[in-house]
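Take a look at the structure below.
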Amino acid sequence: MMTELHQNGQEEVRIGYFVCHCGTNIAAMIDVAAVAEYVSTLPNVVVSKDYRYMCSEAGQDLIVQDIKEHRLNRIVVAACSPLLHERTFRTATQRGGINPFFCHMVNIREHGSWVHEDRAEATEKAKALARGAIGRVKYHKALEKRREPVTPAALVVGGGIAGIQAALTLANTGKKVYLVERDPTIGGHMAKFDKTFPTLDCAACILTPKMSEVYAHPNIVLWTYSEVEGIEGYVGNYQVRVRRKARYIDEELCVGCLDCVDECVFKVGNVDDEFNVGLSKRKPVYMPFPQAVPKLVVIDPVACTHLNGGNCQKSCVDACERAAINFDQTDTIEEIKVGAVIVATGFKTFDPKRKPLYGYGKYPNVYTALEVERLVTSCGPTEGEVVCRDGRTPKKIGIVHCVGSRDHQTNRWCSRVCCMYSMKLAHLLHEHTGAEIYNFYIDIRAPGKGYEEFYERLQEEGNHFIRGRVAEITDIPKVAEEEGMLTIRVEDSLAGFVRRIPVDMVVLSTGLEPHADSQDVRRMFNISCSREGFFLERHPKLAPVSTTTDGVYLAGCCQGPKDIPDTVAQAGAAAAEALTLLDTGYVEMEPSVSVVDPIFCSGCKTCLNLCPYHAITRDDAKGVAVINPVLCKGCGVCVAACPSGAITQNLFEDREIFEEIEEVLAYA
Amino acid sequence: MDPIEREIRYESDRDPTFADEIRAMPGCELMDRCIQCATCSGICPMSDAMELTPRRIIELTRNGFKNDVLRANTIWLCTSCYQCQVECPKKIGITDIMYALKSKAIESGAYGKKFTIPILAREFYAMVKANGRVSESRLVQRLFMKTQPTRFLGMGRLGMKLMKTGRFSNKVERMRNPEGLRRALEALPTDGRKRS
C-alpha cells in the first residue's frame, strides 16, 4: 500500500497514534499502554503514545509537538466519542501544521471501557479498532470546510413570555426579528396570571410593558393570529412560510376602540372566552383582553353570523367609523428569510377530566388553577371577587397538588411550578376570602430563590399542608358536617390516619404538558422531542437551548415545564445562541458530504427521492444528479443506493471503509 | 375481642382552638414552620418508647387533634434533654411545646390517674413552691405513696436501713427566703400563657 501511495506521487504516510486514559474512565477497563505498544508495531506508525488526558492543553500540545518533530501527516486519537472531542483534536492537528481532516478518532470509551466488563477483551477490542483506524487513515484526503453566509434575521415562534424575551433581546442587538404568535394577542399564559410567586408582584404589571415594547420595537415584525406553515433551508439560511389568518379587520385601520364589539348584534357574549378560560362569554367580534397587543379586535369566523352565511345586519360594520371591518379578507401567506429560529411554543395545562375521581366538570365548585387565576385577578370575570359557580363565597378551600403530574396513568413528570403556584393561590384566596385553606401535596418542591421562604411564610400564615395525594372528591356526605360540601378523602400520611375534609371549593393544580400539535411543530422544524413530548435540547447540561438542528433553538416550556424566571433566563440564552450565529455572519459546513462523479452517473434519479434533506437535484441538461453540499448532511443514503457507484462521501469513501473493516477483521 | 378501631378522622375530631392555645404559649410560636423532617424523632433518646414520635405530636397538634396528642405517652416520656430543639432546622421550640402540652394535659386531666410522671411533676412543683428547694427523699416517698402505696409500705425496712447509714434523710430542705420565690411565682400567669 505504502509503495502504491508513493507511486501516486504522494508523500510517505507517517501516522501518530495517541490513546487517552480519560482519567480512569478508559484506563480502568483498557490497558492503554499495551494498546499503544501494539500500535507502534503497525506499518506507517511513527509515534504511539498514551496520555492521561488527551483533551487537555498538554495532551493537545503532545499532538502538535509530535507532528512537528516527527513530520507526522496522519493522526489517530483513541479516546471518547467524536461528538465530544473530534473538533478538539482536529484543531490540534491543524495547529501542528497539517489539514485537520487527516485526524481520525476511535471511540474506545462509549464503545469500549464504559460498556465492557472484561479488561482483557476490552483491550483486545481497542487494539482491533486501532488497527482499523491506522488502516483507513492513510487514505484520508485534505478537505476544506465550506463557508456560507448567514441571513441576519431571526424567527421567534410563540409570543408568550419566552418568545417576547427572546425577541426583545435579539432586537435590542439590532437584529431583525419576526415574532409569530398563533393567538390574536401576545402574552401567552403569563398574561392570564394574577400575581407571580414568590414575590407576589402583579403579572400584568411586569408583562404588559414588555408586550408594548415588542409592538413598538423598530426591529421586531409582530405577526399575531399567524402560524408558521413550513420551513426550508439550512442553518443560517432558512426560508419560512407564515400563514396570517384572516382577522376580518384591517390592521392598519383598526384602533381598538371596541365600537364594533359594543354594536355587535349579539348583545351578550355567546362563545366561551378563551382568555378567561371559559369563565365568561365573549362576542364573535372581540379583543382578547384590554391590554392585548396588538390592540386590535378580531372576528371569530366560527361564531360570527355573517361569516357563517347567516343573515346578519352587520351592525359592527356600521359602527366602525374607520371602516376597518373587511369580511372579504382572506388568509395571506408571507415568505421570509431568517438565519436562526427560536421555538418558544409553550405548553398546555392538563385536562383534569382525565382524573374523574376529582370531579372536574361534575361538581361546579371544582376549579382548575388557571380558572382560579382568572377568578382572583381584578381584571377577571368577577373583578377579583371569589365566588363559586354555585354562588357561595368559600369558607374552606382545598387545593389538590400534582393533578396530572407524577402519575404514570397520565403524565409521569413533575410539572415543577404547581407547588409554587398552589401556594401563591392559597395566599391569594385567603387574602380575598379569609377562607381556611388546605393544601394536599405529595412533596413540596420549592427549589428556587426565595421559594422555600415563601413556603415557610405560607405555613406561618396558617395554611394547612396535608401530605397525601387526594383519593377522592365527593358530594356524598357521611356525617352532618359534610352536608352540602365537597368532601376530600385523603390519608394524612404525616399524621398517620385517613381524613375526610369538607370544603366549599376545590382547586386542582393541573400540570403542564406539551401542546397537542407539538409533534407537528417538531417535524416541521426537524427537532427531536423527549419521551413525554417536550422538545429535546441538544445536551441537557452543556447545550440546553440548542437542538439537534443547527440554527434552531428552544426557549420556555416547550422544552419542559419551568417557571417564569427560568423561562426568561432560557429565552435570553436562546437569544444569545442565535445571536452568536447571526453575528458570526457565516456558517462552516462539515466537508463530510457526498459528491457525484458525473462520468459514472446515469441520471437514474434513484437517489433523488431517498435523500432525507432534499439535497439532490437532477441537472436535466447534463442528465446527471447534483448534490447541494450545503443541504447535504452526509448521511450516506445516496452512496449506498447509487446503482452505478457514482456517489462517494468524503471521509467515508469505499476504500477507507473497506480498509478499516479488513484491518479489524485481520486482527481478530 | 375489641371492636375494630376507627382509623378515620372527621373535621369534628379536631379541636378548633387547640392549636391556637398551644401557639400562644411561650416558645411554641414557630410550630407552623415545621416541615416534618423528623430530626426530632430521630434524635430523641426516648422516641422508641413513645406512642407518637415528636414529629407526629407537632403535626397532630398544629392540626388540632387534641385527643390524640394528650392521650399519648409521648409528652410524659420527654426528659427535657432539649436535643430535638437544638437540632431542629426550623428552630422550633419542640421541648417547649412538650411542656405546653403537659400543662394542657394536666389542666384537662387527660392522662391515667396512676400515671407517675404528671404526679411527680405536680409534687415537685408543690414542694418547690412551698420550700424553695426539693427534698429528694421526701419527694420520692410522696410519689410512691400516691402511685404505689402498697409497695411503699413494703419498702419500709430498706428505708430504715438507708436512714441508719445516713443515706436517706427526712429532713426538709428550705431556702432562706421562700417568701421571695412565692411572690415571684405568684406574679406569673397561672395558665402558662405569655404575659402581655
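Residue numbering restarts at 1 in every chain; chains get A, B, ... in the order shown in the C-alpha cells, and ligands count up from 1 in that same order.
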Within 12 Å of chain B, which residues of chain A show up? Give each one with its shortest atom-to-atom distance in Å (one decimal) and the two atoms involved, counting only C-alpha atoms, rows by chain then rising residue number, as CSV.
residue,atom,partner,partner_atom,distance
A:Lys396,CA,B:Glu11,CA,11.6
A:Glu436,CA,B:Pro16,CA,11.7
A:Tyr438,CA,B:Asn63,CA,10.7
A:Asp443,CA,B:Ile35,CA,10.5
A:Ile444,CA,B:Ile35,CA,9.4
A:Arg445,CA,B:Ile35,CA,11.9
A:Glu452,CA,B:Ile35,CA,10.5
A:Glu453,CA,B:Arg33,CA,10.1
A:Phe454,CA,B:Arg33,CA,11.1
A:Tyr455,CA,B:Arg33,CA,8.8
A:Glu456,CA,B:Arg33,CA,5.7
A:Arg457,CA,B:Arg33,CA,8.1
A:Leu458,CA,B:Arg33,CA,8.8
A:Gln459,CA,B:Asp32,CA,5.5
A:Glu460,CA,B:Asp32,CA,5.4
A:Glu461,CA,B:Asp32,CA,8.4
A:Gly462,CA,B:Asp32,CA,7.1
A:Asn463,CA,B:Asp32,CA,8.8
A:His464,CA,B:Asn63,CA,7.6
A:Phe465,CA,B:Asn63,CA,9.3
A:Ile466,CA,B:Asn63,CA,9.2
A:Arg467,CA,B:Gln36,CA,9.8
A:Pro477,CA,B:Tyr10,CA,11.3
A:Lys478,CA,B:Tyr10,CA,9.6
A:Val479,CA,B:Tyr10,CA,8.3
A:Ala480,CA,B:Ser12,CA,9.6
A:Glu481,CA,B:Ser12,CA,7.6
A:Glu482,CA,B:Glu11,CA,9.0
A:Thr487,CA,B:Tyr10,CA,10.2
A:Ile488,CA,B:Tyr10,CA,10.6
A:Arg489,CA,B:Ile8,CA,9.7
A:Val490,CA,B:Ile8,CA,9.7
A:Glu491,CA,B:Ile8,CA,8.7
A:Asp492,CA,B:Arg9,CA,9.6
A:Ser493,CA,B:Arg56,CA,10.0
A:Leu494,CA,B:Arg56,CA,6.6
A:Ala495,CA,B:Arg56,CA,5.8
A:Gly496,CA,B:Arg56,CA,8.1
A:Phe497,CA,B:Ile8,CA,5.9
A:Val498,CA,B:Ile8,CA,4.7
A:Arg499,CA,B:Arg9,CA,4.7
A:Arg500,CA,B:Tyr10,CA,5.3
A:Ile501,CA,B:Glu11,CA,6.0
A:Pro502,CA,B:Glu11,CA,7.5
A:Val503,CA,B:Glu11,CA,10.3
- Message: With only C-alpha atoms as the counted atoms, please give the residues lying no more than 7 Å from segment 46-50 of chain A, apart from itself and same-chain residues fewer than 5 positions off, as number ranges by chain.
- Response: A: 14-20, 32-33, 36-37, 39-40
- Please indicate the distance in Å from atom CA of Ala187 of chain B to atom CA of Met25 of chain B, rounded to one decimal place.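 Atom-to-atom, atom CA of Ala187 of chain B to atom CA of Met25 of chain B, that is 16.6 Å.
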- Query: What is the distance, in Å and to one decimal place, between atom CA of Asn628 of chain A and atom CA of Lys145 of chain A?
  - Reply: 14.2 Å
- Message: For the structure I just gave you, how does DSSP split segment 58-188 of chain B - specifically, which residues are helix (DSSP H, G or I)? Reply as a VMD selection string.
- Response: chain B and resid 58 to 62 66 to 71 74 to 77 83 to 87 94 to 108 116 to 131 136 to 147 149 to 154 156 to 164 178 to 186
Go ahead and write the selection's residues with C-alpha atoms as a CSV table (one decimal), in the first residue's frame.
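New file result25.csv:
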chain,number,residue,atom,x,y,z
B,58,ILE,CA,-46.2,18.5,66.2
B,59,GLU,CA,-48.2,17.5,63.1
B,60,LEU,CA,-51.3,16.5,65.2
B,61,THR,CA,-51.0,19.5,67.5
B,62,ARG,CA,-51.0,22.0,64.7
B,66,LYS,CA,-56.1,17.3,70.8
B,67,ASN,CA,-57.2,13.9,72.0
B,68,ASP,CA,-54.6,12.0,70.0
B,69,VAL,CA,-51.9,14.3,71.3
B,70,LEU,CA,-52.8,14.5,75.0
B,71,ARG,CA,-53.6,10.8,75.4
B,74,THR,CA,-45.1,10.9,74.4
B,75,ILE,CA,-45.3,14.2,76.4
B,76,TRP,CA,-44.7,12.3,79.6
B,77,LEU,CA,-41.7,10.4,78.3
B,83,GLN,CA,-31.7,17.7,71.8
B,84,CYS,CA,-34.7,18.0,69.4
B,85,GLN,CA,-34.9,21.7,70.0
B,86,VAL,CA,-31.2,22.2,69.5
B,87,GLU,CA,-31.1,20.2,66.2
B,94,ILE,CA,-40.1,21.3,70.4
B,95,THR,CA,-39.3,20.7,74.1
B,96,ASP,CA,-41.2,23.9,75.0
B,97,ILE,CA,-44.2,22.6,73.0
B,98,MET,CA,-43.9,19.3,75.1
B,99,TYR,CA,-44.1,21.4,78.3
B,100,ALA,CA,-47.1,23.3,76.9
B,101,LEU,CA,-48.8,20.0,76.1
B,102,LYS,CA,-48.0,18.6,79.5
B,103,SER,CA,-49.6,21.6,81.2
B,104,LYS,CA,-52.7,21.2,78.9
B,105,ALA,CA,-52.9,17.6,79.7
B,106,ILE,CA,-52.8,18.3,83.5
B,107,GLU,CA,-55.3,21.0,83.0
B,108,SER,CA,-57.8,18.8,81.2
B,116,THR,CA,-46.5,8.7,87.7
B,117,ILE,CA,-44.9,11.4,85.6
B,118,PRO,CA,-47.6,14.1,85.9
B,119,ILE,CA,-47.8,13.3,89.6
B,120,LEU,CA,-44.1,13.7,90.0
B,121,ALA,CA,-44.3,17.0,88.1
B,122,ARG,CA,-47.0,18.3,90.4
B,123,GLU,CA,-45.4,17.1,93.6
B,124,PHE,CA,-42.1,18.6,92.5
B,125,TYR,CA,-43.7,21.9,91.8
B,126,ALA,CA,-45.7,22.0,95.1
B,127,MET,CA,-42.5,21.3,97.1
B,128,VAL,CA,-40.5,24.0,95.3
B,129,LYS,CA,-43.3,26.4,95.7
B,130,ALA,CA,-43.6,25.7,99.5
B,131,ASN,CA,-39.9,25.5,100.4
B,136,GLU,CA,-35.4,14.3,97.3
B,137,SER,CA,-36.2,11.6,99.8
B,138,ARG,CA,-39.5,13.2,100.7
B,139,LEU,CA,-40.4,13.7,97.0
B,140,VAL,CA,-39.7,10.0,96.4
B,141,GLN,CA,-41.8,9.0,99.4
B,142,ARG,CA,-44.7,11.2,98.3
B,143,LEU,CA,-44.6,9.8,94.7
B,144,PHE,CA,-44.6,6.2,96.0
B,145,MET,CA,-47.4,7.0,98.4
B,146,LYS,CA,-49.6,8.4,95.6
B,147,THR,CA,-48.9,5.9,92.9
B,149,PRO,CA,-48.9,2.8,98.3
B,150,THR,CA,-48.6,-0.9,99.0
B,151,ARG,CA,-45.1,-1.1,97.5
B,152,PHE,CA,-44.2,1.9,99.6
B,153,LEU,CA,-45.1,0.1,102.8
B,154,GLY,CA,-43.1,-3.0,101.7
B,156,GLY,CA,-40.1,0.3,105.0
B,157,ARG,CA,-37.2,-1.9,106.1
B,158,LEU,CA,-35.0,-0.7,103.3
B,159,GLY,CA,-35.8,2.8,104.2
B,160,MET,CA,-34.8,2.3,107.8
B,161,LYS,CA,-31.5,0.8,106.8
B,162,LEU,CA,-30.7,3.6,104.5
B,163,MET,CA,-31.6,6.1,107.2
B,164,LYS,CA,-29.3,4.4,109.7
B,178,PRO,CA,-39.1,31.2,100.4
B,179,GLU,CA,-41.3,34.2,100.6
B,180,GLY,CA,-39.5,35.9,97.7
B,181,LEU,CA,-39.9,32.9,95.5
B,182,ARG,CA,-43.5,32.6,96.3
B,183,ARG,CA,-44.1,36.2,95.3
B,184,ALA,CA,-42.2,35.6,92.1
B,185,LEU,CA,-44.3,32.5,91.3
B,186,GLU,CA,-47.5,34.4,92.0
- Message: I'd like the interatomic distance between atom CA of Leu258 of chain A and atom CA of Glu371 of chain A, to a tenth of an Å.
- Response: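 Rounded to one decimal, the two atoms are 25.3 Å apart.
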- Query: Using only C-alpha atoms, which of the listed residues (B:Lys171, B:Arg133, B:Lys91, B:Arg176) sits closest to Thr39 of chain B?
  - Reply: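 Result for the nearest residue to Thr39 of chain B: B:Lys91.
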- Task: For Val372 of chain A, please output as an NGL selection string all residues within 9 Å (counting only C-alpha atoms; exclusion window: fewer than 4 positions along the same chain).
- Result: :A and (367-368 or 376-377 or 386 or 425 or 429 or 507)
- Message: Applying 9 Å and only C-alpha atoms, which residues near Ala204 of chain A remain after dropping the ones on its own chain fewer than 3 positions away? List them as a PyMOL selection string.
- Response: chain A and resi 190-195+201+207-209+291
- What's the 8 Å shell around segment 138-140 of chain A, counting only C-alpha atoms, without same-chain residues fewer than 2 positions away, as a ChimeraX atom specification? /A:13,74,101-102,134-136,142,651,655-656
How would the residues just chosen look if you wrote them out with N, CA and C atoms as a PDB file, in the first residue's frame?
ATOM      1  N   VAL A  13       3.388   8.107   4.220  1.00  0.00           N
ATOM      2  CA  VAL A  13       2.424   8.218   5.305  1.00  0.00           C
ATOM      3  C   VAL A  13       3.132   8.013   6.641  1.00  0.00           C
ATOM      4  N   ARG A  74      -0.553  11.968   9.542  1.00  0.00           N
ATOM      5  CA  ARG A  74      -1.847  11.363   9.887  1.00  0.00           C
ATOM      6  C   ARG A  74      -1.880  11.205  11.400  1.00  0.00           C
ATOM      7  N   PHE A 101      -8.445  17.289   8.621  1.00  0.00           N
ATOM      8  CA  PHE A 101      -9.166  16.055   8.289  1.00  0.00           C
ATOM      9  C   PHE A 101      -8.239  14.855   8.093  1.00  0.00           C
ATOM     10  N   PHE A 102      -6.955  15.069   8.355  1.00  0.00           N
ATOM     11  CA  PHE A 102      -6.023  13.934   8.451  1.00  0.00           C
ATOM     12  C   PHE A 102      -6.101  13.291   9.833  1.00  0.00           C
ATOM     13  N   ILE A 134      -5.816   2.845  11.853  1.00  0.00           N
ATOM     14  CA  ILE A 134      -4.489   3.023  11.228  1.00  0.00           C
ATOM     15  C   ILE A 134      -4.589   2.665   9.749  1.00  0.00           C
ATOM     16  N   GLY A 135      -5.417   1.630   9.479  1.00  0.00           N
ATOM     17  CA  GLY A 135      -5.581   1.197   8.097  1.00  0.00           C
ATOM     18  C   GLY A 135      -6.287   2.237   7.244  1.00  0.00           C
ATOM     19  N   ARG A 136      -7.346   2.838   7.797  1.00  0.00           N
ATOM     20  CA  ARG A 136      -8.150   3.736   6.978  1.00  0.00           C
ATOM     21  C   ARG A 136      -7.548   5.125   6.841  1.00  0.00           C
ATOM     22  N   ALA A 142      -6.963  15.733   2.210  1.00  0.00           N
ATOM     23  CA  ALA A 142      -7.117  17.082   2.752  1.00  0.00           C
ATOM     24  C   ALA A 142      -8.467  17.632   2.292  1.00  0.00           C
ATOM     25  N   LEU A 651     -14.632  11.359   3.685  1.00  0.00           N
ATOM     26  CA  LEU A 651     -14.319  10.695   4.959  1.00  0.00           C
ATOM     27  C   LEU A 651     -14.971   9.318   5.072  1.00  0.00           C
ATOM     28  N   ARG A 655     -12.893   2.902  -0.134  1.00  0.00           N
ATOM     29  CA  ARG A 655     -11.594   2.305   0.235  1.00  0.00           C
ATOM     30  C   ARG A 655     -11.261   2.564   1.696  1.00  0.00           C
ATOM     31  N   GLU A 656     -11.722   3.695   2.228  1.00  0.00           N
ATOM     32  CA  GLU A 656     -11.485   3.965   3.652  1.00  0.00           C
ATOM     33  C   GLU A 656     -12.255   2.969   4.522  1.00  0.00           C
TER      34      GLU A 656
END
- Query: Of the candidates A:Asn609, A:Thr123, A:Ser226, A:Ser509, which one gets nearest to Asp331 of chain A if we count only C-alpha atoms?
  - Reply: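 Using only C-alpha atoms, Asp331 of chain A sits closest to A:Ser226.
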- Tell me which of A:Arg522, A:Lys281, A:Lys210, A:Arg322 sits closest to Cys260 of chain A, counting only C-alpha atoms.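 Residue with the minimum atom-to-atom distance to Cys260 of chain A: A:Arg322.
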